[in-house]
>>> print(open('data12.txt').read())   # compact mmCIF, C-alpha atoms and all ligand atoms
# COMPACT_ATOMS: atom_id res chain seq x y z
CA MET R 1 143.88 130.88 126.07
CA ILE R 2 146.99 129.64 124.29
CA PRO R 3 146.23 128.49 120.74
CA VAL R 4 147.08 124.83 120.11
CA ALA R 5 149.34 124.21 117.13
CA LEU R 6 148.09 120.79 116.06
CA ASP R 7 150.94 120.11 113.69
CA ARG R 8 153.49 120.28 116.54
CA PRO R 9 154.63 117.16 118.39
CA GLY R 10 153.12 117.13 121.85
CA ALA R 11 149.94 118.84 120.64
CA VAL R 12 148.05 115.84 122.02
CA LYS R 13 148.22 115.12 125.75
CA LEU R 14 146.19 112.31 127.21
CA ALA R 15 145.91 112.45 130.99
CA ALA R 16 144.87 108.78 131.16
CA LEU R 17 144.58 105.95 128.67
CA PRO R 18 141.09 104.70 127.67
CA PRO R 19 139.76 101.20 128.40
CA LEU R 20 141.36 98.54 126.20
CA ALA R 21 139.38 95.84 124.37
CA LEU R 22 140.58 92.92 122.26
CA TYR R 23 139.22 92.07 118.80
CA ILE R 24 140.12 88.71 117.23
CA HIS R 25 139.35 88.18 113.54
CA ILE R 26 138.56 84.74 112.11
CA PRO R 27 138.27 85.30 108.38
CA TRP R 28 136.48 82.25 106.95
CA CYS R 29 132.84 81.65 105.95
CA VAL R 30 131.03 78.74 104.34
CA ARG R 31 130.13 80.99 101.42
CA LYS R 32 130.65 84.67 100.62
CA CYS R 33 127.39 86.64 100.83
CA PRO R 34 126.82 88.93 97.81
CA TYR R 35 126.44 92.08 99.95
CA CYS R 36 129.44 91.46 102.24
CA ASP R 37 132.49 93.71 102.14
CA PHE R 38 134.10 92.32 105.30
CA ASN R 39 137.44 90.55 105.20
CA SER R 40 135.81 87.13 104.87
CA HIS R 41 136.86 84.29 102.58
CA GLU R 42 135.10 81.15 101.44
CA ARG R 43 136.68 78.21 103.16
CA ALA R 44 138.22 75.59 100.94
CA GLY R 45 138.25 72.25 102.78
CA GLU R 46 139.47 71.90 106.36
CA LEU R 47 140.10 75.09 108.26
CA PRO R 48 143.72 75.54 109.34
CA GLU R 49 142.64 75.96 112.98
CA LYS R 50 145.95 75.02 114.57
CA GLU R 51 148.11 77.02 112.20
CA TYR R 52 145.89 80.08 112.58
CA LEU R 53 145.78 79.80 116.37
CA ASN R 54 149.58 79.65 116.52
CA LYS R 55 149.79 82.77 114.43
CA LEU R 56 147.22 84.56 116.59
CA MET R 57 149.34 83.84 119.65
CA MET R 58 152.45 85.18 117.92
CA ASP R 59 150.39 88.21 116.93
CA VAL R 60 149.45 88.87 120.59
CA GLU R 61 153.04 88.44 121.66
CA GLN R 62 154.41 90.95 119.16
CA ALA R 63 151.81 93.47 120.39
CA LEU R 64 152.62 93.03 124.09
CA PRO R 65 155.05 95.98 124.34
CA LEU R 66 152.29 98.27 123.03
CA VAL R 67 149.79 97.33 125.75
CA TRP R 68 152.11 96.51 128.62
CA GLY R 69 150.39 96.66 132.03
CA ARG R 70 146.94 97.36 130.59
CA ARG R 71 143.88 95.21 131.30
CA ILE R 72 141.51 93.87 128.65
CA VAL R 73 137.92 94.86 129.45
CA SER R 74 136.17 92.87 126.69
CA ILE R 75 136.90 90.38 123.92
CA PHE R 76 135.07 90.07 120.60
CA ILE R 77 135.73 87.12 118.29
CA GLY R 78 134.36 88.25 114.92
CA GLY R 79 134.66 87.44 111.28
CA GLY R 80 133.92 85.84 108.99
CA THR R 81 132.17 83.07 110.85
CA PRO R 82 134.11 82.26 114.03
CA SER R 83 131.56 79.55 114.92
CA LEU R 84 133.19 77.45 112.17
CA PHE R 85 136.05 76.97 114.65
CA SER R 86 135.59 74.07 117.04
CA PRO R 87 134.87 74.74 120.73
CA GLU R 88 138.29 73.18 121.46
CA ALA R 89 139.97 75.76 119.21
CA ILE R 90 138.05 78.63 120.86
CA ASP R 91 139.02 77.23 124.26
CA ALA R 92 142.70 77.15 123.23
CA LEU R 93 142.37 80.67 121.82
CA LEU R 94 140.88 82.17 124.99
CA SER R 95 143.29 80.27 127.25
CA GLY R 96 146.20 81.51 125.15
CA VAL R 97 144.95 85.09 125.32
CA ARG R 98 144.49 84.90 129.11
CA ALA R 99 147.99 83.48 129.52
CA ARG R 100 149.49 86.44 127.65
CA LEU R 101 147.25 89.39 128.52
CA GLN R 102 145.59 90.56 131.73
CA VAL R 103 141.91 89.97 131.03
CA GLU R 104 139.38 91.23 133.57
CA PRO R 105 137.67 88.23 135.19
CA GLN R 106 134.16 89.37 134.17
CA ALA R 107 135.16 90.58 130.70
CA GLU R 108 132.31 90.41 128.19
CA THR R 109 133.45 87.79 125.67
CA THR R 110 131.42 87.66 122.45
CA LEU R 111 131.58 85.11 119.64
CA GLU R 112 129.87 85.69 116.29
CA ALA R 113 127.95 82.68 115.02
CA ASN R 114 125.89 81.95 111.95
CA PRO R 115 122.89 79.57 111.74
CA GLY R 116 123.82 76.51 109.78
CA THR R 117 127.21 76.28 111.52
CA VAL R 118 126.09 75.72 115.10
CA GLU R 119 124.07 73.24 117.08
CA ALA R 120 123.36 72.90 120.82
CA ALA R 121 126.50 70.92 121.70
CA ARG R 122 128.71 73.45 119.95
CA PHE R 123 127.15 76.32 121.90
CA ARG R 124 127.69 74.42 125.16
CA GLY R 125 131.34 73.99 124.18
CA PHE R 126 131.78 77.72 123.45
CA ARG R 127 130.19 78.52 126.84
CA ALA R 128 132.57 76.14 128.59
CA ALA R 129 135.48 77.78 126.74
CA GLY R 130 134.66 81.12 128.40
CA VAL R 131 132.46 82.80 125.77
CA ASN R 132 129.62 84.60 127.60
CA ARG R 133 127.83 86.40 124.75
CA ILE R 134 126.72 85.18 121.32
CA SER R 135 125.99 87.39 118.32
CA LEU R 136 123.90 85.55 115.73
CA GLY R 137 123.80 86.60 112.07
CA ILE R 138 120.09 85.96 111.45
CA GLN R 139 119.35 88.84 109.01
CA SER R 140 115.76 87.69 108.29
CA PHE R 141 113.16 85.07 109.20
CA ASP R 142 111.79 85.03 105.66
CA ASP R 143 113.15 82.30 103.40
CA ARG R 144 112.68 84.49 100.31
CA MET R 145 114.77 87.27 101.87
CA LEU R 146 117.44 84.83 103.04
CA ALA R 147 117.70 83.43 99.51
CA ALA R 148 117.93 86.95 98.04
CA LEU R 149 120.77 87.69 100.49
CA GLY R 150 122.59 84.50 99.50
CA ARG R 151 122.57 83.25 103.09
CA ILE R 152 123.27 79.56 103.68
CA HIS R 153 120.52 79.15 106.31
CA SER R 154 116.74 78.90 106.27
CA ALA R 155 114.26 80.59 108.63
CA ALA R 156 113.78 77.26 110.45
CA GLU R 157 117.55 76.96 110.95
CA ALA R 158 117.62 80.54 112.24
CA ARG R 159 114.99 79.73 114.87
CA ALA R 160 116.77 76.50 115.84
CA ALA R 161 120.08 78.37 116.24
CA ILE R 162 118.44 81.00 118.48
CA ASP R 163 116.86 78.30 120.69
CA ALA R 164 120.19 76.50 120.94
CA ALA R 165 122.05 79.73 121.76
CA LEU R 166 119.52 80.71 124.45
CA ALA R 167 119.84 77.27 126.05
CA SER R 168 123.50 78.04 126.87
CA PHE R 169 123.69 81.85 126.94
CA ASP R 170 121.57 84.54 128.56
CA ASN R 171 123.35 87.26 126.57
CA VAL R 172 122.46 86.88 122.89
CA ASN R 173 122.34 89.41 120.05
CA LEU R 174 120.46 88.97 116.79
CA ASP R 175 121.69 90.79 113.69
CA LEU R 176 118.75 91.71 111.46
CA MET R 177 118.60 93.54 108.14
CA TYR R 178 115.87 95.58 106.50
CA GLY R 179 115.55 97.38 103.18
CA LEU R 180 116.06 94.02 101.46
CA PRO R 181 115.39 93.19 97.78
CA ALA R 182 111.59 93.23 97.17
CA GLN R 183 110.87 93.64 100.89
CA SER R 184 107.73 95.52 101.93
CA VAL R 185 107.19 97.40 105.20
CA ALA R 186 104.79 94.63 106.30
CA MET R 187 107.50 92.02 105.68
CA ALA R 188 110.02 94.02 107.72
CA ARG R 189 107.45 94.31 110.53
CA ALA R 190 106.85 90.55 110.45
CA ASP R 191 110.61 89.88 110.62
CA LEU R 192 110.94 92.06 113.67
CA ALA R 193 107.93 90.45 115.38
CA GLN R 194 109.68 87.09 115.07
CA ALA R 195 112.88 88.50 116.54
CA LEU R 196 110.96 89.94 119.49
CA ALA R 197 109.15 86.65 120.06
CA CYS R 198 112.53 84.99 120.69
CA GLY R 199 113.07 87.14 123.79
CA VAL R 200 116.74 87.90 123.14
CA PRO R 201 118.18 90.81 125.15
CA HIS R 202 119.89 92.57 122.21
CA VAL R 203 119.01 93.30 118.59
CA SER R 204 121.15 95.02 115.95
CA ALA R 205 119.11 96.18 112.96
CA TYR R 206 120.93 97.38 109.84
CA GLN R 207 119.63 98.73 106.58
CA LEU R 208 121.12 96.85 103.61
CA THR R 209 123.54 99.13 101.78
CA ILE R 210 125.40 98.34 98.60
CA GLU R 211 129.15 98.47 99.17
CA PRO R 212 131.94 98.58 96.57
CA ASN R 213 133.75 95.29 95.91
CA THR R 214 130.67 93.16 96.40
CA VAL R 215 128.57 91.07 94.01
CA PHE R 216 125.59 93.38 94.70
CA TYR R 217 127.70 96.34 93.62
CA ARG R 218 128.41 94.71 90.28
CA ARG R 219 124.84 93.38 89.86
CA PRO R 220 122.62 95.59 92.04
CA PRO R 221 119.34 94.06 93.17
CA GLN R 222 116.12 96.09 93.19
CA LEU R 223 115.99 97.66 96.64
CA PRO R 224 113.01 99.44 98.27
CA GLU R 225 112.74 103.18 97.56
CA HIS R 226 114.41 105.49 100.04
CA ASP R 227 111.06 106.51 101.63
CA VAL R 228 110.01 102.89 102.06
CA ALA R 229 113.33 102.01 103.72
CA ALA R 230 112.91 105.05 106.02
CA ASP R 231 109.43 103.77 106.97
CA MET R 232 110.96 100.36 107.76
CA GLN R 233 113.49 102.03 110.03
CA LEU R 234 110.65 103.75 111.91
CA VAL R 235 108.73 100.48 112.22
CA VAL R 236 111.84 98.76 113.60
CA GLU R 237 112.57 101.53 116.09
CA GLU R 238 108.96 101.81 117.31
CA ALA R 239 108.46 98.06 117.71
CA LEU R 240 111.69 97.65 119.67
CA ALA R 241 110.90 100.65 121.91
CA ALA R 242 107.39 99.28 122.58
CA ALA R 243 108.93 95.95 123.58
CA GLY R 244 111.20 97.62 126.16
CA TYR R 245 114.48 97.79 124.22
CA GLU R 246 116.60 100.92 124.64
CA HIS R 247 117.77 102.38 121.34
CA TYR R 248 121.29 103.27 122.41
CA GLU R 249 123.23 103.47 119.14
CA THR R 250 122.26 104.06 115.50
CA SER R 251 121.60 100.35 114.89
CA ALA R 252 121.71 98.82 118.39
CA PHE R 253 118.85 98.08 120.79
CA ALA R 254 119.18 96.46 124.20
CA ARG R 255 117.19 95.46 127.23
CA PRO R 256 118.37 97.32 130.35
CA ALA R 257 121.96 96.42 131.31
CA ARG R 258 122.44 94.42 128.11
CA ARG R 259 124.23 96.95 125.94
CA CYS R 260 127.24 95.51 124.13
CA ARG R 261 130.13 96.71 126.29
CA HIS R 262 132.69 95.93 123.60
CA ASN R 263 130.97 98.07 120.97
CA VAL R 264 130.20 100.86 123.45
CA ASN R 265 133.95 101.08 124.02
CA TYR R 266 134.48 101.62 120.25
CA TRP R 267 131.79 104.30 120.17
CA GLN R 268 133.30 106.04 123.18
CA PHE R 269 136.57 106.17 121.24
CA GLY R 270 138.15 103.59 123.53
CA ASP R 271 141.20 101.54 122.57
CA TYR R 272 141.27 98.08 121.03
CA LEU R 273 144.00 95.71 120.05
CA GLY R 274 143.04 93.88 116.85
CA ILE R 275 144.66 90.55 116.02
CA GLY R 276 144.11 88.19 113.09
CA ALA R 277 144.08 88.61 109.31
CA GLY R 278 143.13 92.16 108.33
CA ALA R 279 142.34 93.16 111.92
CA HIS R 280 142.38 96.85 112.76
CA GLY R 281 143.38 98.34 116.09
CA LYS R 282 143.44 101.70 117.84
CA LEU R 283 145.90 102.32 120.65
CA SER R 284 146.51 105.50 122.63
CA PHE R 285 149.69 106.68 124.27
CA PRO R 286 150.21 109.76 126.47
CA ASP R 287 151.21 111.88 123.44
CA ARG R 288 149.47 110.24 120.47
CA VAL R 289 146.67 108.07 119.14
CA THR R 290 147.66 105.34 116.69
CA ARG R 291 145.89 103.00 114.29
CA HIS R 292 147.14 99.54 113.32
CA GLU R 293 146.34 97.12 110.54
CA ARG R 294 147.33 93.51 109.86
CA THR R 295 147.87 91.68 106.54
CA LYS R 296 144.48 91.00 105.01
CA GLN R 297 144.85 87.69 103.17
CA PRO R 298 144.63 84.72 105.58
CA ARG R 299 147.29 82.69 103.77
CA GLU R 300 149.75 85.57 103.75
CA TYR R 301 148.94 86.32 107.41
CA MET R 302 149.76 82.74 108.36
CA GLU R 303 152.93 82.48 106.26
CA LYS R 304 154.60 85.79 107.08
CA GLU R 305 156.29 86.81 110.30
CA PRO R 306 153.73 88.66 112.41
CA SER R 307 153.74 92.36 111.61
CA PHE R 308 151.41 95.31 111.36
CA SER R 309 151.37 98.74 109.85
CA GLU R 310 151.03 101.63 112.25
CA ARG R 311 150.12 105.24 111.72
CA THR R 312 149.72 108.07 114.17
CA VAL R 313 146.36 109.78 113.74
CA ALA R 314 147.07 113.41 112.90
CA PRO R 315 145.75 115.61 115.71
CA THR R 316 143.78 117.51 113.05
CA GLU R 317 141.83 114.30 112.30
CA LEU R 318 141.04 113.44 115.91
CA PRO R 319 137.92 115.62 116.37
CA PHE R 320 136.22 114.03 113.35
CA GLU R 321 137.31 110.51 114.30
CA PHE R 322 135.97 111.02 117.81
CA MET R 323 132.62 112.37 116.55
CA LEU R 324 132.30 109.64 113.92
CA ASN R 325 132.03 107.19 116.81
CA ALA R 326 130.55 109.15 119.73
CA LEU R 327 127.68 110.74 117.81
CA ARG R 328 126.35 107.27 116.93
CA LEU R 329 125.39 106.98 120.60
CA VAL R 330 121.81 108.16 121.11
CA GLU R 331 122.74 109.60 124.52
CA GLY R 332 125.84 111.22 123.06
CA PHE R 333 128.80 111.63 125.39
CA GLU R 334 129.94 113.52 128.46
CA SER R 335 131.73 116.70 127.36
CA ARG R 336 134.89 115.78 129.29
CA LEU R 337 135.24 112.58 127.21
CA PHE R 338 136.33 114.55 124.15
CA THR R 339 139.47 115.81 125.92
CA GLU R 340 140.04 112.52 127.73
CA ARG R 341 140.11 110.56 124.48
CA THR R 342 141.66 113.01 122.00
CA GLY R 343 143.93 114.98 124.33
CA LEU R 344 142.56 118.18 122.74
CA PRO R 345 140.55 121.01 124.32
CA LEU R 346 136.82 121.06 123.64
CA THR R 347 137.12 124.75 122.72
CA LEU R 348 138.80 123.55 119.52
CA ILE R 349 135.41 122.50 118.17
CA GLU R 350 133.25 125.18 119.80
CA ASN R 351 132.31 126.80 116.46
CA GLU R 352 131.20 123.48 114.98
CA LEU R 353 129.24 122.54 118.09
CA SER R 354 127.41 125.89 118.10
CA HIS R 355 126.69 125.67 114.39
CA ALA R 356 125.30 122.12 114.64
CA GLU R 357 123.24 123.24 117.65
CA SER R 358 121.77 126.18 115.74
CA ARG R 359 120.74 123.80 112.93
CA GLY R 360 118.90 121.58 115.40
CA LEU R 361 121.27 118.63 114.87
CA LEU R 362 122.90 118.67 118.29
CA GLU R 363 121.95 119.60 121.85
CA ARG R 364 124.05 120.02 124.97
CA ASP R 365 123.84 120.94 128.61
CA TRP R 366 126.58 121.49 131.17
CA LYS R 367 127.42 117.81 131.16
CA ARG R 368 126.57 116.08 127.88
CA ILE R 369 126.61 116.59 124.14
CA ARG R 370 124.11 114.52 122.18
CA PRO R 371 122.58 114.30 118.70
CA THR R 372 118.94 115.45 118.51
CA ALA R 373 116.37 113.18 116.85
CA ARG R 374 117.02 115.18 113.67
CA GLY R 375 120.79 114.77 114.14
CA GLN R 376 120.36 111.00 114.45
CA ARG R 377 118.31 110.93 111.27
CA PHE R 378 120.78 113.10 109.35
CA LEU R 379 123.89 111.73 111.01
CA ASN R 380 126.11 112.14 107.94
CA GLU R 381 125.19 115.80 107.71
CA LEU R 382 125.97 116.24 111.40
CA LEU R 383 129.32 114.45 111.07
CA GLU R 384 130.34 116.46 108.02
CA SER R 385 130.35 119.58 110.15
CA PHE R 386 133.28 118.14 112.12
CA LEU R 387 135.36 117.13 109.08
CA THR R 388 137.53 120.22 109.22
CA ALA R 389 137.08 120.92 112.93
CA GLY R 390 140.69 120.20 113.93
CA ARG R 391 142.26 122.30 111.20
CA ARG R 392 141.87 125.65 112.96
CA SER R 393 143.10 127.15 116.19
CA PRO R 394 140.59 126.75 119.01
CA ALA R 395 137.91 129.39 119.56
CA PRO R 396 138.64 131.57 122.59
CA ALA R 397 137.24 130.15 125.81
CA SER R 398 134.31 132.13 127.14
CA GLY R 399 134.80 134.16 130.34
S1 LIG R 401 128.40 85.22 106.79
FE1 LIG R 401 128.80 87.36 107.40
S2 LIG R 401 131.02 87.66 107.22
FE2 LIG R 401 130.47 85.75 106.12
S3 LIG R 401 130.24 86.41 103.99
FE3 LIG R 401 128.19 86.46 104.92
S4 LIG R 401 127.95 88.56 105.72
FE4 LIG R 401 130.14 88.27 105.26
>>> encode(input="data12.txt", output="structure tokens")
Amino acid sequence: MIPVALDRPGAVKLAALPPLALYIHIPWCVRKCPYCDFNSHERAGELPEKEYLNKLMMDVEQALPLVWGRRIVSIFIGGGTPSLFSPEAIDALLSGVRARLQVEPQAETTLEANPGTVEAARFRGFRAAGVNRISLGIQSFDDRMLAALGRIHSAAEARAAIDAALASFDNVNLDLMYGLPAQSVAMARADLAQALACGVPHVSAYQLTIEPNTVFYRRPPQLPEHDVAADMQLVVEEALAAAGYEHYETSAFARPARRCRHNVNYWQFGDYLGIGAGAHGKLSFPDRVTRHERTKQPREYMEKEPSFSERTVAPTELPFEFMLNALRLVEGFESRLFTERTGLPLTLIENELSHAESRGLLERDWKRIRPTARGQRFLNELLESFLTAGRRSPAPASG
């Protein structure tokens, strides 16, 4: 076997490009939540819908040479709170995208919405605009928890938003959180029971974590002990499994055939073009994988000529970047995907794979590589083993 010198140009060779998704960022919210570290900004008065839409279209146009001839397999309109935009604006946005990019006719098209910003007519308008999946930021059905999280909605508004969403969409996700200030395991169980009673096909359940640059970081609330939060995670996983949801990614649970195709593409180290303030993108070319980033501040994004920063991911970083995504998938990935997406031979990480296997964190057969139950639980530990994986020559191939 010829060793691969990863610092040489041409070290990466992709035989085919991955599926391409489109992410559109809408950066405004009614109010900034104290735990939120996303690029979201409290709106001040009227939203500059028209101005922002124009800039988004210019943003797509400047990116066209990078994605020429490729088809968009899914669209995700995230934020922020994109449901603050009118259905007419979302209609203009999706029409503009379809006029400039080749979007697959059945592309999953998700819009993030928050209770308190949507009612039935608005959902009908989003559906008519071409949105076919709604992701609702519910977080909890307990008014005390919602207040502690600084959310603008009540439990009653959450339930009304779900009913309204389900009246127009059959593909709805609920975002839930556990490990909340002063939350008990029984309260987390009750929250989940309410989510299940709604009958939505997808649930994303996240543990609250305290991130830098948030109000909670500066004034931390009293969170449940680590063991209690771990018990909540078990309760969530068991209840969703008992109700027929497949646990397919660290935090994602779906009824059969309802997995989020857009997110699965991220986790399979697929490509995505990101447009809008602060949007990130990942685009592959036959000899390199690149990452892109747009100006973060909405005002600056709208005032400046469209531009983005681009960096080529060093081949030495690709194994870790791939694993960071793919090992979140409960079923792991097909072995061939590593080479398809990174352009590197799997033998490059043979030592790390064997080591993780011997520690009971990973298992593999002739076709797939997947985290064990222990590997899922100690995911960071598993990922750490791939941090330096690309910095050596590959292990000799067996045989
Ligand atoms: S609604 Fe969502 S995006 Fe907006 S501030 Fe709250 S957590 Fe962040």
>>> residues_near_point(input="data12.txt", point="(120.2, 88.9, 98.8)", cutoff="8 Å", atoms="only C-alpha atoms", output="ChimeraX atom specification")
/R:33-35,145-151,180-181,221
>>> closest_atom_pairs(input="data12.txt", of="chain R", to="ligand LIG 401 (chain R)", cutoff="9 Å", atoms="all atoms listed in the file", output="tab-separated table")
residue	atom	partner	partner_atom	distance
R:Pro27	CA	R:LIG401	S2	7.7
R:Trp28	CA	R:LIG401	FE2	7.0
R:Cys29	CA	R:LIG401	FE2	4.7
R:Val30	CA	R:LIG401	FE2	7.3
R:Arg31	CA	R:LIG401	S3	6.0
R:Lys32	CA	R:LIG401	S3	3.8
R:Cys33	CA	R:LIG401	FE3	4.2
R:Pro34	CA	R:LIG401	S3	7.5
R:Tyr35	CA	R:LIG401	S4	6.9
R:Cys36	CA	R:LIG401	FE4	4.4
R:Asp37	CA	R:LIG401	FE4	6.7
R:Phe38	CA	R:LIG401	FE4	5.7
R:Asn39	CA	R:LIG401	S2	7.3
R:Ser40	CA	R:LIG401	S2	5.4
R:His41	CA	R:LIG401	S3	7.1
R:Glu42	CA	R:LIG401	S3	7.6
R:Gly78	CA	R:LIG401	S2	8.4
R:Gly79	CA	R:LIG401	S2	5.5
R:Gly80	CA	R:LIG401	S2	3.9
R:Thr81	CA	R:LIG401	FE2	5.7
R:Ala113	CA	R:LIG401	S1	8.6
R:Asn114	CA	R:LIG401	S1	6.6
R:Gly137	CA	R:LIG401	FE1	6.9
R:Leu149	CA	R:LIG401	FE3	8.7
R:Gly150	CA	R:LIG401	FE3	8.0
R:Arg151	CA	R:LIG401	FE3	6.7
R:Ile152	CA	R:LIG401	S1	8.2
>>> closest_atom_pairs(input="data12.txt", of="range 41-109 of chain R", to="range 270-292 of chain R", cutoff="12 Å", atoms="all atoms listed in the file", output="Markdown table")
| residue | atom | partner | partner_atom | distance |
| --- | --- | --- | --- | --- |
| R:His41 | CA | R:Ala277 | CA | 10.8 |
| R:Glu51 | CA | R:Gly276 | CA | 11.9 |
| R:Tyr52 | CA | R:Gly276 | CA | 8.3 |
| R:Leu53 | CA | R:Gly276 | CA | 9.2 |
| R:Asn54 | CA | R:Gly276 | CA | 10.7 |
| R:Lys55 | CA | R:Gly276 | CA | 8.0 |
| R:Leu56 | CA | R:Gly276 | CA | 5.9 |
| R:Met57 | CA | R:Ile275 | CA | 9.0 |
| R:Met58 | CA | R:Ile275 | CA | 9.7 |
| R:Asp59 | CA | R:Ile275 | CA | 6.3 |
| R:Val60 | CA | R:Ile275 | CA | 6.8 |
| R:Glu61 | CA | R:Ile275 | CA | 10.3 |
| R:Gln62 | CA | R:Ile275 | CA | 10.3 |
| R:Ala63 | CA | R:Leu273 | CA | 8.1 |
| R:Leu64 | CA | R:Leu273 | CA | 9.9 |
| R:Pro65 | CA | R:Leu283 | CA | 11.7 |
| R:Leu66 | CA | R:Leu283 | CA | 7.9 |
| R:Val67 | CA | R:Leu283 | CA | 8.1 |
| R:Trp68 | CA | R:Phe285 | CA | 11.3 |
| R:Arg70 | CA | R:Asp271 | CA | 10.7 |
| R:Arg71 | CA | R:Tyr272 | CA | 11.0 |
| R:Ile72 | CA | R:Tyr272 | CA | 8.7 |
| R:Val73 | CA | R:Tyr272 | CA | 9.6 |
| R:Ser74 | CA | R:Tyr272 | CA | 9.2 |
| R:Ile75 | CA | R:Tyr272 | CA | 9.3 |
| R:Phe76 | CA | R:Gly274 | CA | 9.6 |
| R:Ile77 | CA | R:Ile275 | CA | 9.8 |
| R:Gly78 | CA | R:Ala279 | CA | 9.8 |
| R:Gly79 | CA | R:Ala279 | CA | 9.6 |
| R:Gly80 | CA | R:Ala277 | CA | 10.5 |
| R:Pro82 | CA | R:Gly276 | CA | 11.7 |
| R:Leu93 | CA | R:Gly276 | CA | 11.7 |
| R:Val97 | CA | R:Ile275 | CA | 10.8 |
| R:Leu101 | CA | R:Leu273 | CA | 11.1 |
>>> closest_residue(input="data12.txt", among="R:Gly69, R:Pro315, R:Glu237, R:Glu211", to="Gln102 in chain R", atoms="only C-alpha atoms")
R:Gly69
>>> closest_residue(input="data12.txt", among="R:Met187, R:Leu329, R:Leu94, R:Val313", to="Leu22 in chain R", atoms="only C-alpha atoms")
R:Leu94
>>> closest_residue(input="data12.txt", among="R:Ala252, R:Leu20, R:Ala160, R:Ala107", to="Met177 in chain R", atoms="only C-alpha atoms")
R:Ala252
>>> atom_distance(input="data12.txt", atom1="CA of Ala205 in chain R", atom2="CA of Ser385 in chain R")
26.1 Å
>>> residues_near_point(input="data12.txt", point="(122.1, 76.3, 125.4)", cutoff="12 Å", atoms="all atoms listed in the file", output="ChimeraX atom specification")
/R:118-128,132-134,160-172
>>> residues_around(input="data12.txt", residues="Thr372 in chain R", least_positions_apart="2", cutoff="7 Å", atoms="only C-alpha atoms", output="PyMOL selection string")
chain R and resi 360-363+370+374-376
>>> closest_residue(input="data12.txt", among="R:Asp365, R:Glu112, R:Asp231, R:Glu246", to="Ala186 in chain R", atoms="all atoms listed in the file")
R:Asp231
>>> closest_residue(input="data12.txt", among="R:Gln207, R:Asn263, R:Ser307, R:Ser83", to="Glu108 in chain R", atoms="only C-alpha atoms")
R:Asn263
>>> residues_around(input="data12.txt", residues="Ser95 in chain R", least_positions_apart="6", cutoff="10 Å", atoms="only C-alpha atoms", output="mmCIF file with C-alpha atoms, in the coordinates of the input")
data_model
loop_
_atom_site.group_PDB
_atom_site.id
_atom_site.type_symbol
_atom_site.label_atom_id
_atom_site.label_comp_id
_atom_site.auth_asym_id
_atom_site.auth_seq_id
_atom_site.Cartn_x
_atom_site.Cartn_y
_atom_site.Cartn_z
ATOM 1 C CA ALA R 89 139.970 75.760 119.210
ATOM 2 C CA ALA R 129 135.480 77.780 126.740
ATOM 3 C CA GLY R 130 134.660 81.120 128.400
#
>>> closest_residue(input="data12.txt", among="R:Asn265, R:Thr316, R:Ser251, R:Ser86", to="Gln233 in chain R", atoms="all atoms listed in the file")
R:Ser251
>>> atom_distance(input="data12.txt", atom1="CA of Glu331 in chain R", atom2="CA of Phe253 in chain R")
12.7 Å
>>> axis_aligned_box(input="data12.txt", around="range 159-175 of chain R", padding_each_side="8 Å", output="lines of an AutoDock Vina configuration file")
center_x = 119.3
center_y = 83.6
center_z = 121.1
size_x = 24.7
size_y = 30.3
size_z = 30.9
>>> atom_distance(input="data12.txt", atom1="CA of Arg258 in chain R", atom2="CA of Cys198 in chain R")
15.6 Å
